[in-house]
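*Asks:* This is the content of work_32.txt (compact mmCIF, C-alpha atoms and all ligand atoms):
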# COMPACT_ATOMS: atom_id res chain seq x y z
CA MET F 11 138.30 69.90 75.81
CA LYS F 12 140.03 73.06 77.08
CA ILE F 13 140.62 72.79 80.83
CA ALA F 14 141.85 75.57 83.11
CA PHE F 15 143.85 74.05 86.00
CA PHE F 16 143.72 76.43 88.98
CA SER F 17 146.08 76.13 91.98
CA TYR F 18 148.45 74.23 89.72
CA GLN F 19 151.72 73.13 91.30
CA PRO F 20 154.73 72.20 89.16
CA PHE F 21 155.03 68.76 90.81
CA GLU F 22 151.67 67.83 89.23
CA GLN F 23 152.76 68.44 85.63
CA PRO F 24 154.43 65.11 84.77
CA PHE F 25 151.48 63.18 86.19
CA LEU F 26 148.90 65.29 84.34
CA GLU F 27 150.81 65.17 81.06
CA SER F 28 151.27 61.43 81.32
CA ALA F 29 147.54 60.86 82.06
CA ASN F 30 146.59 63.27 79.26
CA GLN F 31 148.29 61.11 76.64
CA ALA F 32 145.13 58.98 76.77
CA THR F 33 142.65 61.90 76.85
CA GLN F 34 144.36 64.60 74.71
CA HIS F 35 142.75 67.62 76.41
CA GLN F 36 144.20 71.13 76.12
CA LEU F 37 145.50 71.97 79.59
CA THR F 38 146.13 75.51 80.83
CA PHE F 39 148.11 75.64 84.07
CA ILE F 40 147.27 78.56 86.38
CA ARG F 41 149.15 79.07 89.66
CA GLN F 42 146.44 81.22 91.29
CA ALA F 43 143.60 79.69 93.29
CA LEU F 44 140.11 79.98 91.83
CA SER F 45 138.08 82.76 93.45
CA PRO F 46 135.47 85.30 92.29
CA GLU F 47 138.39 87.55 91.29
CA THR F 48 140.38 84.94 89.33
CA ALA F 49 137.41 83.16 87.71
CA ILE F 50 137.88 85.33 84.61
CA LEU F 51 141.05 83.32 83.85
CA ALA F 52 138.73 80.44 82.92
CA ALA F 53 137.37 82.40 79.93
CA GLY F 54 137.65 80.41 76.71
CA HIS F 55 137.80 77.07 78.51
CA ASP F 56 135.19 74.31 78.70
CA ALA F 57 135.96 73.19 82.25
CA VAL F 58 137.94 74.18 85.30
CA CYS F 59 139.96 71.90 87.50
CA VAL F 60 140.63 72.85 91.12
CA PHE F 61 142.19 71.65 94.36
CA VAL F 62 141.42 71.96 98.08
CA HIS F 63 141.93 75.72 98.57
CA ASP F 64 139.95 77.02 95.61
CA GLN F 65 136.79 78.95 96.48
CA LEU F 66 133.80 77.30 94.88
CA ASN F 67 131.27 79.51 96.62
CA ALA F 68 128.18 81.08 95.01
CA PRO F 69 129.95 84.19 93.57
CA THR F 70 132.66 82.06 91.91
CA LEU F 71 130.16 79.55 90.54
CA HIS F 72 128.00 82.37 89.10
CA ARG F 73 131.06 83.85 87.34
CA LEU F 74 131.97 80.44 85.93
CA ALA F 75 128.39 79.94 84.70
CA ASP F 76 128.51 83.38 83.03
CA LEU F 77 131.68 82.22 81.21
CA GLY F 78 129.84 79.12 79.98
CA ILE F 79 131.72 76.66 82.20
CA LYS F 80 129.67 73.49 82.61
CA ARG F 81 132.07 71.30 84.57
CA VAL F 82 134.24 71.68 87.64
CA ALA F 83 136.64 68.81 88.30
CA LEU F 84 138.09 68.55 91.80
CA ARG F 85 141.59 67.04 92.07
CA CYS F 86 140.70 65.92 95.59
CA THR F 87 138.32 63.75 97.60
CA GLY F 88 136.74 66.24 100.01
CA TYR F 89 134.20 68.70 98.58
CA ASN F 90 133.34 70.70 101.69
CA HIS F 91 134.63 73.82 99.85
CA VAL F 92 132.02 73.54 97.08
CA ASP F 93 128.52 75.02 97.24
CA ILE F 94 126.94 71.94 95.67
CA ASP F 95 123.39 73.38 95.77
CA VAL F 96 124.39 76.48 93.79
CA ALA F 97 126.37 74.37 91.31
CA GLN F 98 123.29 72.22 90.79
CA GLN F 99 121.05 75.28 90.30
CA LEU F 100 123.48 76.63 87.69
CA GLY F 101 123.71 73.29 85.88
CA ILE F 102 127.43 72.92 86.65
CA GLN F 103 128.54 69.33 87.10
CA VAL F 104 130.95 68.84 89.98
CA LEU F 105 133.32 65.94 89.57
CA ARG F 106 135.72 64.69 92.17
CA VAL F 107 138.28 61.98 92.81
CA PRO F 108 136.38 59.79 95.27
CA SER F 109 139.33 57.58 95.94
CA TYR F 110 143.06 57.54 95.43
CA SER F 111 145.78 55.81 97.34
CA PRO F 112 144.32 55.94 100.87
CA HIS F 113 147.75 54.69 101.93
CA SER F 114 149.27 58.09 101.08
CA VAL F 115 147.27 59.87 103.80
CA ALA F 116 147.19 56.96 106.27
CA GLU F 117 150.97 56.57 106.09
CA HIS F 118 151.39 60.33 106.56
CA ALA F 119 149.30 60.14 109.75
CA VAL F 120 151.64 57.38 110.95
CA ALA F 121 154.64 59.56 110.04
CA LEU F 122 153.24 62.38 112.19
CA LEU F 123 152.67 59.96 115.06
CA MET F 124 156.14 58.44 114.84
CA ALA F 125 157.80 61.87 114.60
CA LEU F 126 155.92 63.11 117.68
CA ASN F 127 156.37 60.00 119.78
CA ARG F 128 160.07 59.41 119.03
CA LYS F 129 160.79 63.19 118.86
CA ILE F 130 162.30 62.87 115.37
CA HIS F 131 161.69 66.57 114.63
CA LEU F 132 163.64 67.54 117.79
CA ALA F 133 166.41 64.97 117.30
CA TYR F 134 166.93 66.07 113.69
CA GLN F 135 167.44 69.69 114.74
CA ARG F 136 169.91 68.61 117.45
CA THR F 137 172.06 66.28 115.36
CA ARG F 138 172.31 68.91 112.60
CA LYS F 139 174.13 71.01 115.25
CA ASN F 140 176.22 68.01 116.35
CA ASN F 141 174.29 67.88 119.63
CA PHE F 142 174.03 64.15 120.33
CA THR F 143 172.33 64.32 123.74
CA LEU F 144 169.15 62.36 124.48
CA ASP F 145 167.45 64.46 127.21
CA GLY F 146 163.85 65.23 126.35
CA LEU F 147 163.62 62.61 123.60
CA LEU F 148 161.83 59.91 125.63
CA GLY F 149 159.08 58.17 123.69
CA PHE F 150 156.87 55.15 124.33
CA ASP F 151 156.21 51.79 122.67
CA LEU F 152 153.21 51.90 120.37
CA TYR F 153 152.84 48.16 120.94
CA GLY F 154 149.85 47.58 123.21
CA LYS F 155 148.57 51.17 123.08
CA ARG F 156 144.94 52.03 122.32
CA ILE F 157 144.39 53.89 119.06
CA GLY F 158 141.00 55.56 118.49
CA ILE F 159 140.04 56.12 114.86
CA ILE F 160 137.19 58.49 114.06
CA GLY F 161 135.95 57.75 110.53
CA THR F 162 136.68 54.29 109.17
CA GLY F 163 136.31 54.89 105.45
CA LYS F 164 139.13 54.24 103.01
CA ILE F 165 141.84 56.19 104.85
CA GLY F 166 140.67 55.18 108.33
CA VAL F 167 140.78 51.51 107.33
CA ALA F 168 144.28 51.86 105.87
CA PHE F 169 145.44 53.62 109.05
CA ALA F 170 143.84 50.93 111.25
CA ARG F 171 145.63 48.16 109.37
CA ILE F 172 149.00 49.83 109.94
CA MET F 173 148.32 50.36 113.65
CA LEU F 174 147.21 46.73 114.02
CA GLY F 175 150.58 45.83 112.51
CA PHE F 176 152.26 47.78 115.33
CA GLY F 177 150.42 45.58 117.84
CA CYS F 178 148.03 48.33 118.95
CA HIS F 179 144.45 47.82 120.17
CA VAL F 180 142.32 49.70 117.67
CA LEU F 181 139.02 51.32 118.64
CA ALA F 182 136.77 52.98 116.08
CA TYR F 183 133.83 55.34 115.80
CA ASP F 184 131.80 55.72 112.62
CA LYS F 185 128.13 55.63 111.72
CA VAL F 186 128.94 52.95 109.18
CA ARG F 187 130.91 50.04 110.61
CA SER F 188 133.59 48.37 108.53
CA ALA F 189 133.03 44.60 108.50
CA VAL F 190 136.64 44.15 107.42
CA LEU F 191 137.95 46.02 110.45
CA GLN F 192 135.65 44.14 112.81
CA GLN F 193 136.97 40.86 111.42
CA LEU F 194 140.48 42.16 112.13
CA GLY F 195 139.55 42.75 115.77
CA VAL F 196 138.79 46.47 115.72
CA GLU F 197 136.18 47.38 118.35
CA TYR F 198 133.55 50.00 117.56
CA ARG F 199 132.66 52.29 120.47
CA THR F 200 130.57 55.39 121.00
CA LEU F 201 132.48 58.64 120.47
CA PRO F 202 132.74 59.44 124.22
CA GLU F 203 133.91 55.88 124.95
CA LEU F 204 136.53 56.06 122.21
CA LEU F 205 137.81 59.45 123.37
CA SER F 206 138.13 58.41 127.01
CA ALA F 207 139.82 55.06 126.27
CA SER F 208 142.36 56.04 123.59
CA ASP F 209 146.02 56.90 124.02
CA ILE F 210 146.08 58.27 120.47
CA VAL F 211 143.10 59.64 118.51
CA SER F 212 143.30 60.00 114.72
CA LEU F 213 140.65 61.81 112.67
CA HIS F 214 139.62 60.37 109.30
CA CYS F 215 136.05 61.63 108.85
CA PRO F 216 135.04 64.37 106.40
CA LEU F 217 134.31 67.96 107.43
CA THR F 218 130.54 68.41 107.54
CA PRO F 219 128.25 70.63 109.65
CA GLU F 220 128.05 67.68 112.04
CA THR F 221 131.80 67.16 112.37
CA HIS F 222 132.75 70.87 112.47
CA HIS F 223 134.77 71.38 115.70
CA LEU F 224 134.28 67.73 116.64
CA ILE F 225 137.32 68.27 118.84
CA ASN F 226 136.23 71.02 121.24
CA PRO F 227 136.52 71.75 124.98
CA ASP F 228 133.94 69.04 125.81
CA SER F 229 135.50 66.28 123.69
CA LEU F 230 139.02 67.28 124.77
CA GLY F 231 137.83 67.01 128.37
CA LEU F 232 136.90 63.37 127.76
CA MET F 233 140.34 62.45 126.44
CA LYS F 234 143.02 60.78 128.54
CA THR F 235 145.47 63.24 130.05
CA GLY F 236 148.48 63.39 127.74
CA ALA F 237 146.73 61.70 124.80
CA TYR F 238 148.04 62.33 121.29
CA LEU F 239 145.78 63.80 118.59
CA LEU F 240 146.31 63.43 114.82
CA ASN F 241 144.35 65.29 112.16
CA THR F 242 145.07 64.57 108.49
CA SER F 243 141.45 65.13 107.46
CA ARG F 244 140.27 68.76 107.51
CA GLY F 245 141.28 71.66 109.76
CA GLY F 246 137.69 72.53 110.66
CA LEU F 247 137.39 69.33 112.70
CA LEU F 248 139.40 71.07 115.45
CA ASP F 249 138.43 74.04 117.59
CA THR F 250 142.00 75.38 117.40
CA PRO F 251 141.94 77.70 120.49
CA ALA F 252 140.55 74.82 122.57
CA VAL F 253 143.27 72.49 121.25
CA LEU F 254 145.94 75.08 122.11
CA ASN F 255 144.55 75.36 125.65
CA ALA F 256 144.64 71.57 125.97
CA LEU F 257 148.27 71.50 124.76
CA HIS F 258 149.24 74.23 127.24
CA SER F 259 147.46 72.50 130.16
CA GLY F 260 148.94 69.08 129.32
CA GLN F 261 145.50 67.56 128.64
CA LEU F 262 146.85 66.86 125.15
CA GLY F 263 150.32 65.35 125.08
CA ALA F 264 151.03 66.03 121.44
CA LEU F 265 149.37 67.14 118.22
CA GLY F 266 150.14 66.16 114.63
CA ILE F 267 148.27 68.06 111.94
CA ASP F 268 148.43 68.07 108.16
CA VAL F 269 145.48 70.46 107.95
CA TYR F 270 144.52 73.74 109.60
CA GLU F 271 141.21 75.55 109.69
CA LEU F 272 142.56 78.70 108.00
CA GLU F 273 145.13 76.90 105.86
CA GLU F 274 143.89 78.48 102.61
CA ASP F 275 145.66 81.70 103.58
CA PHE F 276 149.03 80.04 104.26
CA PHE F 277 149.55 76.49 103.06
CA PHE F 278 151.33 75.94 99.74
CA ALA F 279 152.98 79.40 100.06
CA ASP F 280 156.38 80.46 101.43
CA TRP F 281 155.96 82.65 104.53
CA SER F 282 159.52 82.14 105.78
CA GLU F 283 160.63 85.71 105.04
CA LYS F 284 157.66 87.54 106.58
CA PRO F 285 155.78 87.55 109.89
CA LEU F 286 152.91 85.05 109.99
CA PRO F 287 149.73 87.09 110.66
CA ASP F 288 148.05 84.18 112.46
CA SER F 289 149.12 83.87 116.07
CA GLU F 290 147.50 80.44 116.55
CA LEU F 291 149.27 78.86 113.59
CA ASN F 292 152.49 80.59 114.67
CA THR F 293 152.15 79.04 118.14
CA LEU F 294 151.42 75.60 116.69
CA THR F 295 154.47 75.66 114.41
CA HIS F 296 156.72 76.52 117.36
CA LEU F 297 155.50 74.16 120.10
CA PRO F 298 157.89 71.23 120.63
CA ASN F 299 155.04 68.72 121.00
CA VAL F 300 153.34 69.76 117.75
CA VAL F 301 154.24 68.79 114.20
CA VAL F 302 152.54 70.73 111.42
CA THR F 303 152.75 69.70 107.77
CA SER F 304 151.08 71.74 105.07
CA HIS F 305 148.45 69.41 103.63
CA GLN F 306 150.89 66.98 102.05
CA GLY F 307 149.18 63.72 103.00
CA PHE F 308 148.24 63.14 99.34
CA LEU F 309 151.76 63.88 98.10
CA THR F 310 153.01 60.51 96.88
CA ALA F 311 153.79 59.52 93.30
CA GLU F 312 151.10 56.84 93.39
CA ALA F 313 148.40 59.22 94.63
CA LEU F 314 149.31 61.97 92.14
CA ALA F 315 149.22 59.50 89.23
CA GLN F 316 145.77 58.28 90.30
CA ILE F 317 144.43 61.81 90.87
CA ALA F 318 145.58 62.89 87.39
CA GLN F 319 144.17 59.81 85.70
CA VAL F 320 140.75 59.91 87.45
CA THR F 321 140.40 63.69 87.03
CA LEU F 322 141.03 63.64 83.28
CA ASN F 323 138.89 60.54 82.88
CA ASN F 324 136.03 62.21 84.80
CA LEU F 325 136.17 65.15 82.39
CA THR F 326 136.27 62.84 79.36
CA HIS F 327 133.40 60.58 80.46
CA PRO F 328 131.24 62.51 82.96
CA GLU F 329 128.09 60.82 81.65
CA GLN F 330 129.34 57.46 82.89
CA ALA F 331 129.53 58.51 86.48
CA TYR F 332 127.35 61.58 86.96
CA LEU F 333 125.09 61.27 90.00
CA PRO F 334 122.26 63.80 89.54
CA ASN F 335 121.08 63.46 93.13
CA SER F 336 124.28 64.61 94.70
CA CYS F 337 125.83 66.47 91.79
CA VAL F 338 129.04 64.63 92.57
CA VAL F 339 130.60 62.39 89.98
CA VAL F 340 132.26 59.24 91.09
CA GLY F 341 135.05 58.42 88.66
P1 LIG F 401 135.68 58.09 103.07
O1 LIG F 401 134.45 58.74 102.53
O2 LIG F 401 136.13 56.80 102.50
O3 LIG F 401 135.52 57.85 104.65
C1 LIG F 401 134.99 58.81 105.52
C2 LIG F 401 134.35 58.07 106.67
O4 LIG F 401 133.93 59.03 107.64
C3 LIG F 401 133.11 57.25 106.27
O5 LIG F 401 133.22 55.90 106.74
C4 LIG F 401 131.97 57.98 106.95
O6 LIG F 401 130.89 57.11 107.35
C5 LIG F 401 132.68 58.59 108.14
N1 LIG F 401 131.95 59.68 108.75
C6 LIG F 401 131.15 60.61 108.17
N2 LIG F 401 130.62 61.41 109.10
C7 LIG F 401 131.08 60.96 110.30
C8 LIG F 401 130.88 61.38 111.63
N3 LIG F 401 130.07 62.41 111.94
N4 LIG F 401 131.52 60.71 112.61
C9 LIG F 401 132.31 59.65 112.33
N5 LIG F 401 132.54 59.21 111.07
C10 LIG F 401 131.93 59.86 110.07
O7 LIG F 401 136.83 59.19 102.98
P2 LIG F 401 138.40 58.95 102.98
O8 LIG F 401 138.87 58.77 101.58
O9 LIG F 401 138.75 57.96 104.01
O10 LIG F 401 138.89 60.41 103.41
C11 LIG F 401 138.64 60.90 104.72
C12 LIG F 401 138.96 62.38 104.75
O11 LIG F 401 140.37 62.54 104.60
C13 LIG F 401 138.38 63.22 103.60
O12 LIG F 401 137.06 63.63 103.90
C14 LIG F 401 139.31 64.38 103.52
O13 LIG F 401 138.82 65.41 104.33
C15 LIG F 401 140.61 63.86 104.12
N6 LIG F 401 141.71 63.79 103.14
C16 LIG F 401 142.87 64.41 103.44
C17 LIG F 401 143.93 64.37 102.55
C18 LIG F 401 145.26 65.02 102.86
O14 LIG F 401 146.08 65.22 101.94
N7 LIG F 401 145.55 65.34 104.11
C19 LIG F 401 143.79 63.70 101.34
C20 LIG F 401 142.58 63.05 101.07
C21 LIG F 401 141.54 63.10 101.98
What do you get writing this file as structure tokens?
Ligand code: NAD

*Replies:*
Amino acid sequence: MKIAFFSYQPFEQPFLESANQATQHQLTFIRQALSPETAILAAGHDAVCVFVHDQLNAPTLHRLADLGIKRVALRCTGYNHVDIDVAQQLGIQVLRVPSYSPHSVAEHAVALLMALNRKIHLAYQRTRKNNFTLDGLLGFDLYGKRIGIIGTGKIGVAFARIMLGFGCHVLAYDKVRSAVLQQLGVEYRTLPELLSASDIVSLHCPLTPETHHLINPDSLGLMKTGAYLLNTSRGGLLDTPAVLNALHSGQLGALGIDVYELEEDFFFADWSEKPLPDSELNTLTHLPNVVVTSHQGFLTAEALAQIAQVTLNNLTHPEQAYLPNSCVVVG
């Protein structure tokens, strides 16, 4: 099968080529993101393979259908950027990677938390200038703190296990309760209860119409003064102006984000030599109590190997996993 890989990044190549030894597809690597304008680059291929920033809206899907593309394979878990209904109408199968190392993202959330709490990002900048002072670097013990986890699927469970290891009290909110977490002592609460009781809130639910701007002026108002907020899930979970207000007022003590609502325009690109035309992102990247990473939670060798293997396997055997009801293939 000829597969056009959009939004290809060089770090993916060894993992894709290794996984392809078993599947022997013809892979075309394309640096551009898939959009209505770039869809033409898929001409002559049987399938396209995309990542989180590719536009799989109606215009793109219609262009792909016109080119005879029957399959779109996502190299990611979330599919909020895909118009599933239009894909279904056009007879395009959408395949995704439903699961890969949840530890990659959970551990990244912990890295954001540890950096913020122990001021690693500030200390690193100081010691590089041989400034060995400690003022302003005061942190707190995580031991005994209350961690609120919103979304206890694969990543939320992995994150909870790590925080339990730190000796934290873990609270959770999800429509589906994890029996494993309950056995480990995690307490499920309503969302308002979780927000008002937690010292640290970490988001691990998908972006859906229901969870869009889950963190907004009302929910921020319920949080403890000075609470920390972590978002490694999707940028649209946060109402960014409201979060900035809460950071400025001190309602939020710190923010760690691996995702940003308008990240498609900036993440994975080098903007260091030009002004950033997004004042909110520019403020976030410069606040001392904010750490921004550019959607790198998945970026471990283990996760990339699994993503490559499941993606190519999905394209080789879609009939084994195709779910007609949801148009999403579970590999
Ligand atoms: P998952 O499907 O295993 O778990 C998601 C959980 O969220 C489920 O338990 C579900 O019941 C719950 N949920 C759904 N709607 C909810 C709501 N309204 N309120 C509370 N909980 C709700 O998914 P996962 O593999 O754990 O991934 C979670 C999210 O992480 C993905 O949707 C994706 O957006 C994000 N993600 C980020 C990266 C990254 O690199 N930063 C990588 C992979 C996934």

*Asks:* May I have the residues within 9 Å of Thr250 in chain F as a PDB file with C-alpha atoms, in the coordinates of the input, using only C-alpha atoms and disregarding those fewer than 2 positions away in the same chain?

*Replies:*
ATOM      1  CA  HIS F 223     134.770  71.380 115.700  1.00  0.00           C
ATOM      2  CA  ILE F 225     137.320  68.270 118.840  1.00  0.00           C
ATOM      3  CA  ASN F 226     136.230  71.020 121.240  1.00  0.00           C
ATOM      4  CA  GLY F 245     141.280  71.660 109.760  1.00  0.00           C
ATOM      5  CA  GLY F 246     137.690  72.530 110.660  1.00  0.00           C
ATOM      6  CA  LEU F 247     137.390  69.330 112.700  1.00  0.00           C
ATOM      7  CA  LEU F 248     139.400  71.070 115.450  1.00  0.00           C
ATOM      8  CA  ALA F 252     140.550  74.820 122.570  1.00  0.00           C
ATOM      9  CA  VAL F 253     143.270  72.490 121.250  1.00  0.00           C
ATOM     10  CA  LEU F 254     145.940  75.080 122.110  1.00  0.00           C
ATOM     11  CA  ASN F 255     144.550  75.360 125.650  1.00  0.00           C
ATOM     12  CA  TYR F 270     144.520  73.740 109.600  1.00  0.00           C
ATOM     13  CA  GLU F 271     141.210  75.550 109.690  1.00  0.00           C
ATOM     14  CA  GLU F 290     147.500  80.440 116.550  1.00  0.00           C
ATOM     15  CA  LEU F 291     149.270  78.860 113.590  1.00  0.00           C
TER      16      LEU F 291
END

*Asks:* Taking (137.5, 49.3, 122.0) in the coordinates of the supplied file, I want to know which residues reach to within 10 Å of it, counting only C-alpha atoms; could you give the answer as JSON, numbers by chain?

*Replies:* {"F": [156, 157, 158, 179, 180, 181, 182, 183, 195, 196, 197, 198, 199, 200, 203, 204, 207, 208]}

*Asks:* Kindly indicate which residue among F:Val167, F:Val96, F:Ala29, F:Leu148 lies nearest to ligand LIG 401 (chain F), using all atoms listed in the file for the distances.

*Replies:*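 Residue with the minimum atom-to-atom distance to ligand LIG 401 (chain F): F:Val167.
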
*Asks:* Between F:Ser206, F:Thr326, F:Gln319, F:Ser109, which has the minimum distance to ligand LIG 401 (chain F) (counting all atoms listed in the file)?

*Replies:*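 Among F:Ser206, F:Thr326, F:Gln319, F:Ser109, it is F:Ser109 that comes nearest to ligand LIG 401 (chain F).
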
*Asks:* Report as a Markdown table the residues of chain F within 9 Å of ligand LIG 401 (chain F), each with its shortest atom pair and distance in Å (one decimal), using only C-alpha atoms and all ligand atoms, ordered by chain and increasing residue number.

*Replies:*
| residue | atom | partner | partner_atom | distance |
| --- | --- | --- | --- | --- |
| F:Cys86 | CA | F:LIG401 | C20 | 6.5 |
| F:Thr87 | CA | F:LIG401 | C21 | 5.5 |
| F:Gly88 | CA | F:LIG401 | O12 | 4.7 |
| F:Tyr89 | CA | F:LIG401 | O12 | 7.9 |
| F:Asn90 | CA | F:LIG401 | O13 | 8.1 |
| F:Pro108 | CA | F:LIG401 | O8 | 6.9 |
| F:Ser109 | CA | F:LIG401 | O8 | 5.8 |
| F:Tyr110 | CA | F:LIG401 | O8 | 7.5 |
| F:Ser111 | CA | F:LIG401 | O8 | 8.6 |
| F:Pro112 | CA | F:LIG401 | O8 | 6.2 |
| F:Ser114 | CA | F:LIG401 | C19 | 7.8 |
| F:Val115 | CA | F:LIG401 | C18 | 5.6 |
| F:Ala116 | CA | F:LIG401 | O9 | 8.8 |
| F:His118 | CA | F:LIG401 | N7 | 8.1 |
| F:Ala119 | CA | F:LIG401 | N7 | 8.5 |
| F:Ile159 | CA | F:LIG401 | C9 | 8.9 |
| F:Ile160 | CA | F:LIG401 | C9 | 5.3 |
| F:Gly161 | CA | F:LIG401 | N5 | 3.7 |
| F:Thr162 | CA | F:LIG401 | O5 | 4.5 |
| F:Gly163 | CA | F:LIG401 | O3 | 3.2 |
| F:Lys164 | CA | F:LIG401 | O9 | 3.9 |
| F:Ile165 | CA | F:LIG401 | O9 | 3.7 |
| F:Gly166 | CA | F:LIG401 | O9 | 5.5 |
| F:Val167 | CA | F:LIG401 | O9 | 7.5 |
| F:Ala168 | CA | F:LIG401 | O9 | 8.4 |
| F:Ala182 | CA | F:LIG401 | C9 | 8.9 |
| F:Tyr183 | CA | F:LIG401 | C9 | 5.7 |
| F:Asp184 | CA | F:LIG401 | N5 | 3.9 |
| F:Lys185 | CA | F:LIG401 | O6 | 5.4 |
| F:Val186 | CA | F:LIG401 | O6 | 4.9 |
| F:Arg187 | CA | F:LIG401 | O5 | 7.4 |
| F:Ser188 | CA | F:LIG401 | O5 | 7.7 |
| F:Leu201 | CA | F:LIG401 | N4 | 8.2 |
| F:Leu213 | CA | F:LIG401 | O11 | 8.1 |
| F:His214 | CA | F:LIG401 | C11 | 4.7 |
| F:Cys215 | CA | F:LIG401 | O4 | 3.6 |
| F:Pro216 | CA | F:LIG401 | O12 | 3.3 |
| F:Leu217 | CA | F:LIG401 | O13 | 6.0 |
| F:Thr218 | CA | F:LIG401 | N2 | 7.2 |
| F:Pro219 | CA | F:LIG401 | N3 | 8.7 |
| F:Glu220 | CA | F:LIG401 | N3 | 5.6 |
| F:Thr221 | CA | F:LIG401 | N3 | 5.1 |
| F:His222 | CA | F:LIG401 | N3 | 8.9 |
| F:Leu224 | CA | F:LIG401 | N3 | 8.3 |
| F:Asn241 | CA | F:LIG401 | N7 | 8.1 |
| F:Thr242 | CA | F:LIG401 | N7 | 4.5 |
| F:Ser243 | CA | F:LIG401 | C15 | 3.7 |
| F:Arg244 | CA | F:LIG401 | O13 | 4.8 |
| F:Gly245 | CA | F:LIG401 | O13 | 8.6 |
| F:Ile267 | CA | F:LIG401 | N7 | 8.7 |
| F:Asp268 | CA | F:LIG401 | N7 | 5.7 |
| F:Val269 | CA | F:LIG401 | N7 | 6.4 |
| F:Ser304 | CA | F:LIG401 | N7 | 8.5 |
| F:His305 | CA | F:LIG401 | N7 | 5.0 |
| F:Gln306 | CA | F:LIG401 | O14 | 5.1 |
| F:Gly307 | CA | F:LIG401 | O14 | 3.6 |
| F:Phe308 | CA | F:LIG401 | O14 | 4.0 |
| F:Leu309 | CA | F:LIG401 | O14 | 7.0 |

*Asks:* Using CA of Ile40 in chain F and CA of Lys284 in chain F as the two end points, give the distance in Å to one decimal.

*Replies:*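 A separation of 24.4 Å between them.
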
*Asks:* What does the structure give for the distance between CA of Val300 in chain F and CA of Val62 in chain F, in Å to one decimal?

*Replies:*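 Straight-line distance from CA of Val300 in chain F to CA of Val62 in chain F works out to 23.1 Å.
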
*Asks:* One decimal, in Å: what's the spacing between CA of Pro328 in chain F and CA of Ile50 in chain F?

*Replies:*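 These two atoms are separated by 23.8 Å.
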
*Asks:* Of the candidates F:His296, F:His63, F:Arg73, F:Arg85, which one gets nearest to Gln316 in chain F if we count only C-alpha atoms?

*Replies:*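 Smallest distance to Gln316 in chain F is found for F:Arg85.
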
*Asks:* At most 12 Å from (153.7, 69.0, 88.5), file frame, all atoms listed in the file: which residues, as a list in words?

*Replies:*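 Those within range, by chain then number, are Phe15, Ser17, Tyr18, Gln19, Pro20, Phe21, Glu22, Gln23, Pro24, Phe25, Leu26, Glu27, Ser28, Phe39, Ile40, Arg41, Leu309, Thr310, Ala311, Leu314, Ala315, Ile317 and Ala318 of chain F.
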
*Asks:* Name the closest residue to Leu325 in chain F among the candidates F:Leu77, F:Val107, F:Ala189, F:Cys178; distances are taken between atoms, counting only C-alpha atoms.

*Replies:* F:Val107

*Asks:* Given the choices F:Pro202, F:Ser212, F:His113, F:Ala256, which gets closest to Pro227 in chain F if the distance is worked out from all atoms listed in the file?

*Replies:*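 Of all the options, F:Ala256 lies closest to Pro227 in chain F.
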
*Asks:* Which residue gives the smallest distance to Leu100 in chain F among F:Ala68, F:Leu37, F:Leu191, F:Leu294, with only C-alpha atoms counted?

*Replies:*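 Between F:Ala68, F:Leu37, F:Leu191, F:Leu294, the residue approaching Leu100 in chain F most closely is F:Ala68.
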
*Asks:* Using only C-alpha atoms, which protein or nucleic acid residues come within 8 Å of Leu122 in chain F? Drop anything in the same chain fewer than 2 positions from it, and give the result as a ChimeraX atom specification.

*Replies:* /F:118-120,124-126,240,266-267,301

*Asks:* I need the chosen residues saved as a CSV table (one decimal), in the frame of the given file, with C-alpha atoms.

*Replies:*
chain,number,residue,atom,x,y,z
F,118,HIS,CA,151.4,60.3,106.6
F,119,ALA,CA,149.3,60.1,109.8
F,120,VAL,CA,151.6,57.4,111.0
F,124,MET,CA,156.1,58.4,114.8
F,125,ALA,CA,157.8,61.9,114.6
F,126,LEU,CA,155.9,63.1,117.7
F,240,LEU,CA,146.3,63.4,114.8
F,266,GLY,CA,150.1,66.2,114.6
F,267,ILE,CA,148.3,68.1,111.9
F,301,VAL,CA,154.2,68.8,114.2

*Asks:* Just the residues within 12 Å of Pro287 in chain F, please, counting all atoms listed in the file, with nothing from its chain fewer than 6 positions along; format it as a PyMOL selection string.

*Replies:* chain F and resi 272+275-276+281+293

*Asks:* Near His35 in chain F, within 9 Å and counting only C-alpha atoms, which residues show up once chain neighbours fewer than 6 positions away are dropped, as a PyMOL selection string?

*Replies:* chain F and resi 11-13+322+326
